[in-house]
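Next comes input.pdb, with PDB, C-alpha atoms.
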ATOM      1  CA  MET A   1      -7.880 -19.377 -27.896  1.00  0.00           C
ATOM      2  CA  ARG A   2      -6.609 -21.762 -25.209  1.00  0.00           C
ATOM      3  CA  ALA A   3      -6.886 -19.044 -22.560  1.00  0.00           C
ATOM      4  CA  TYR A   4     -10.467 -18.337 -23.601  1.00  0.00           C
ATOM      5  CA  LEU A   5     -11.375 -22.020 -23.389  1.00  0.00           C
ATOM      6  CA  HIS A   6      -9.843 -22.287 -19.914  1.00  0.00           C
ATOM      7  CA  ARG A   7     -11.853 -19.269 -18.793  1.00  0.00           C
ATOM      8  CA  GLU A   8     -15.055 -20.724 -20.176  1.00  0.00           C
ATOM      9  CA  ASP A   9     -14.320 -24.042 -18.474  1.00  0.00           C
ATOM     10  CA  PHE A  10     -13.996 -22.265 -15.114  1.00  0.00           C
ATOM     11  CA  GLN A  11     -17.645 -21.155 -15.243  1.00  0.00           C
ATOM     12  CA  GLN A  12     -18.538 -24.725 -14.271  1.00  0.00           C
ATOM     13  CA  PHE A  13     -17.019 -23.975 -10.838  1.00  0.00           C
ATOM     14  CA  TRP A  14     -20.011 -21.823  -9.848  1.00  0.00           C
ATOM     15  CA  GLU A  15     -22.510 -24.575 -10.697  1.00  0.00           C
ATOM     16  CA  TYR A  16     -21.402 -26.903  -7.896  1.00  0.00           C
ATOM     17  CA  ARG A  17     -23.510 -27.183  -4.738  1.00  0.00           C
ATOM     18  CA  SER A  18     -20.900 -28.777  -2.486  1.00  0.00           C
ATOM     19  CA  ALA A  19     -17.712 -27.115  -1.267  1.00  0.00           C
ATOM     20  CA  ALA A  20     -15.882 -30.448  -1.494  1.00  0.00           C
ATOM     21  CA  TRP A  21     -16.723 -30.985  -5.164  1.00  0.00           C
ATOM     22  CA  ALA A  22     -16.038 -27.364  -6.011  1.00  0.00           C
ATOM     23  CA  GLY A  23     -12.661 -27.634  -4.274  1.00  0.00           C
ATOM     24  CA  LYS A  24     -11.811 -30.767  -6.243  1.00  0.00           C
ATOM     25  CA  PHE A  25     -12.755 -29.026  -9.500  1.00  0.00           C
ATOM     26  CA  LEU A  26     -10.712 -25.961  -8.535  1.00  0.00           C
ATOM     27  CA  ASP A  27      -7.646 -28.089  -7.780  1.00  0.00           C
ATOM     28  CA  GLN A  28      -7.916 -29.931 -11.103  1.00  0.00           C
ATOM     29  CA  TRP A  29      -8.532 -26.734 -13.059  1.00  0.00           C
ATOM     30  CA  CYS A  30      -5.562 -24.987 -11.449  1.00  0.00           C
ATOM     31  CA  GLY A  31      -3.430 -28.055 -12.182  1.00  0.00           C
ATOM     32  CA  ARG A  32      -4.345 -27.829 -15.872  1.00  0.00           C
ATOM     33  CA  LEU A  33      -3.442 -24.148 -15.888  1.00  0.00           C
ATOM     34  CA  MET A  34      -0.075 -24.797 -14.267  1.00  0.00           C
ATOM     35  CA  ARG A  35       0.701 -27.378 -16.966  1.00  0.00           C
ATOM     36  CA  SER A  36      -0.271 -24.937 -19.712  1.00  0.00           C
ATOM     37  CA  ARG A  37       2.486 -22.811 -21.148  1.00  0.00           C
ATOM     38  CA  LEU A  38       0.553 -19.589 -20.647  1.00  0.00           C
ATOM     39  CA  GLY A  39       2.323 -17.388 -18.091  1.00  0.00           C
ATOM     40  CA  PRO A  40      -0.592 -15.101 -17.188  1.00  0.00           C
ATOM     41  CA  LEU A  41      -2.851 -18.106 -16.589  1.00  0.00           C
ATOM     42  CA  LYS A  42      -0.258 -19.634 -14.288  1.00  0.00           C
ATOM     43  CA  LYS A  43      -0.352 -16.413 -12.287  1.00  0.00           C
ATOM     44  CA  VAL A  44      -4.155 -16.676 -12.041  1.00  0.00           C
ATOM     45  CA  ALA A  45      -3.869 -20.293 -10.887  1.00  0.00           C
ATOM     46  CA  ARG A  46      -1.415 -19.360  -8.131  1.00  0.00           C
ATOM     47  CA  SER A  47      -3.722 -16.570  -6.989  1.00  0.00           C
ATOM     48  CA  LEU A  48      -6.758 -18.874  -6.920  1.00  0.00           C
ATOM     49  CA  ARG A  49      -4.812 -21.467  -4.948  1.00  0.00           C
ATOM     50  CA  ARG A  50      -3.874 -18.824  -2.371  1.00  0.00           C
ATOM     51  CA  HIS A  51      -7.516 -17.774  -2.044  1.00  0.00           C
ATOM     52  CA  ARG A  52      -9.002 -21.284  -2.172  1.00  0.00           C
ATOM     53  CA  PRO A  53     -10.551 -21.223   1.352  1.00  0.00           C
ATOM     54  CA  LEU A  54     -12.171 -17.860   0.663  1.00  0.00           C
ATOM     55  CA  LEU A  55     -13.623 -19.067  -2.630  1.00  0.00           C
ATOM     56  CA  LEU A  56     -15.046 -22.170  -1.008  1.00  0.00           C
ATOM     57  CA  ASN A  57     -16.781 -20.053   1.657  1.00  0.00           C
ATOM     58  CA  TRP A  58     -19.304 -19.121  -1.017  1.00  0.00           C
ATOM     59  CA  PHE A  59     -20.399 -22.770  -1.219  1.00  0.00           C
ATOM     60  CA  ARG A  60     -20.482 -23.170   2.553  1.00  0.00           C
ATOM     61  CA  ALA A  61     -22.842 -20.193   2.739  1.00  0.00           C
ATOM     62  CA  LYS A  62     -25.081 -21.903   0.159  1.00  0.00           C
ATOM     63  CA  GLY A  63     -24.879 -18.953  -2.209  1.00  0.00           C
ATOM     64  CA  THR A  64     -26.525 -16.538   0.231  1.00  0.00           C
ATOM     65  CA  ILE A  65     -23.592 -14.123   0.200  1.00  0.00           C
ATOM     66  CA  SER A  66     -24.469 -10.809  -1.370  1.00  0.00           C
ATOM     67  CA  ALA A  67     -22.030  -8.108  -2.369  1.00  0.00           C
ATOM     68  CA  GLY A  68     -24.686  -5.405  -2.056  1.00  0.00           C
ATOM     69  CA  ILE A  69     -23.238  -3.915   1.126  1.00  0.00           C
ATOM     70  CA  VAL A  70     -19.757  -3.745  -0.361  1.00  0.00           C
ATOM     71  CA  GLU A  71     -21.110  -2.101  -3.500  1.00  0.00           C
ATOM     72  CA  GLY A  72     -22.917   0.451  -1.334  1.00  0.00           C
ATOM     73  CA  PHE A  73     -19.713   1.305   0.526  1.00  0.00           C
ATOM     74  CA  ASN A  74     -17.821   1.621  -2.771  1.00  0.00           C
ATOM     75  CA  ASN A  75     -20.506   3.966  -4.077  1.00  0.00           C
ATOM     76  CA  LYS A  76     -20.307   6.134  -0.934  1.00  0.00           C
ATOM     77  CA  ALA A  77     -16.505   6.224  -1.189  1.00  0.00           C
ATOM     78  CA  LYS A  78     -16.611   7.316  -4.842  1.00  0.00           C
ATOM     79  CA  LEU A  79     -19.160  10.022  -4.044  1.00  0.00           C
ATOM     80  CA  THR A  80     -17.069  11.318  -1.130  1.00  0.00           C
ATOM     81  CA  MET A  81     -13.919  11.401  -3.267  1.00  0.00           C
ATOM     82  CA  ARG A  82     -15.818  13.281  -5.967  1.00  0.00           C
ATOM     83  CA  LYS A  83     -16.962  15.840  -3.375  1.00  0.00           C
ATOM     84  CA  ALA A  84     -13.373  16.140  -2.122  1.00  0.00           C
ATOM     85  CA  TYR A  85     -12.086  17.087  -5.577  1.00  0.00           C
ATOM     86  CA  GLY A  86      -9.583  19.907  -5.272  1.00  0.00           C
ATOM     87  CA  PHE A  87      -8.224  18.990  -1.860  1.00  0.00           C
ATOM     88  CA  ARG A  88      -4.460  19.199  -2.064  1.00  0.00           C
ATOM     89  CA  GLU A  89      -3.501  16.766   0.679  1.00  0.00           C
ATOM     90  CA  PHE A  90      -4.267  13.054   0.705  1.00  0.00           C
ATOM     91  CA  GLU A  91      -4.846  13.224   4.476  1.00  0.00           C
ATOM     92  CA  THR A  92      -7.808  15.534   3.899  1.00  0.00           C
ATOM     93  CA  ILE A  93      -9.459  13.078   1.524  1.00  0.00           C
ATOM     94  CA  GLU A  94      -8.687  10.253   3.937  1.00  0.00           C
ATOM     95  CA  LEU A  95     -10.333  12.181   6.780  1.00  0.00           C
ATOM     96  CA  ALA A  96     -13.404  12.846   4.620  1.00  0.00           C
ATOM     97  CA  LEU A  97     -13.664   9.115   3.873  1.00  0.00           C
ATOM     98  CA  TYR A  98     -13.379   8.235   7.567  1.00  0.00           C
ATOM     99  CA  HIS A  99     -16.171  10.664   8.409  1.00  0.00           C
ATOM    100  CA  GLN A 100     -18.455   9.475   5.640  1.00  0.00           C
ATOM    101  CA  LEU A 101     -17.930   5.723   5.890  1.00  0.00           C
ATOM    102  CA  GLY A 102     -17.358   5.507   9.616  1.00  0.00           C
ATOM    103  CA  ASN A 103     -20.208   7.812  10.647  1.00  0.00           C
ATOM    104  CA  LEU A 104     -17.792   9.758  12.839  1.00  0.00           C
ATOM    105  CA  SER A 105     -19.120  12.817  14.575  1.00  0.00           C
ATOM    106  CA  GLU A 106     -18.109  16.240  13.358  1.00  0.00           C
ATOM    107  CA  PRO A 107     -15.547  17.934  15.609  1.00  0.00           C
ATOM    108  CA  GLU A 108     -16.708  21.010  17.478  1.00  0.00           C
ATOM    109  CA  SER A 109     -15.785  24.201  15.738  1.00  0.00           C
ATOM    110  CA  THR A 110     -12.936  26.174  17.249  1.00  0.00           C
ATOM    111  CA  HIS A 111     -14.754  29.405  16.410  1.00  0.00           C
ATOM    112  CA  ARG A 112     -17.917  30.744  17.929  1.00  0.00           C
ATOM    113  CA  PHE A 113     -20.380  32.339  15.614  1.00  0.00           C
ATOM    114  CA  CYS A 114     -22.838  34.797  17.200  1.00  0.00           C
TER     115      CYS A 114
END

What would you get if you wrote out this structure as structure tokens?
Amino acid sequence: MRAYLHREDFQQFWEYRSAAWAGKFLDQWCGRLMRSRLGPLKKVARSLRRHRPLLLNWFRAKGTISAGIVEGFNNKAKLTMRKAYGFREFETIELALYHQLGNLSEPESTHRFC
């Protein structure tokens, strides 16, 4: 129950408009987690402290950051891996991903077809 309440309390973080106030809230919230006797929550607090500058970038960008491009790339990667089903070597799948996501040109065929 305590873990659930801590998680619910963290939702307030996204309501701030200023990076400074959000950072202060994040520091206080992580401090409360570190004082709790819940091991997994302490691990979350350490991770959030490590990524603090990246989290605060969202406030500096005024909430204009969209994850749409990342989701599109993830979708393309999943589709390519689905098409590559049955390949035996990881390098083959990796090459297919490079070609699909990097828009690499196809190599010229070593054979000539008349």

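Here CA of Glu71 (chain A) and CA of Cys30 (chain A) stand 28.8 Å from one another.
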
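CA of Gln11 (chain A) lies 15.2 Å from CA of Leu41 (chain A).
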
Got a sec: who's within 12 Å of Arg50 (chain A), counting only C-alpha atoms, leaving out chain neighbours fewer than 6 positions off, as a PyMOL selection string? chain A and resi 26-27+30+43-44+56

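A straight line drawn from CA of Tyr4 (chain A) to CA of Gly31 (chain A) is 16.6 Å long.
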
- Task: With a distance cut-off of 12 Å and all atoms listed in the file, select the neighbouring residues of Gln28 (chain A), excluding the residue or stretch itself and same-chain residues fewer than 5 positions from it, and output the selection as a PyMOL selection string.
- Result: chain A and resi 6+9-10+13+21-23+33-35+45+48-49

Q: Taking the file as shown, find all residues satisfying the PyMOL selection byres ((chain A and resi 101) around 8) and write them as an MDAnalysis selection string.
A: chainID A and resid 73 76:77 97:100 102:103

Build an axis-aligned box that encloses every atom of region 81-89 of chain A listed in the file, pad it by 6 Å on each side, and report its centre and edge lengths in Å to one decimal, as AutoDock Vina command-line options.
--center_x -10.2 --center_y 15.7 --center_z -2.6 --size_x 25.5 --size_y 20.5 --size_z 18.6

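Using only C-alpha atoms, the nearest neighbour of Trp14 (chain A) within the list A:Lys62, A:His51, A:Lys42, A:Arg2 is A:Lys62.
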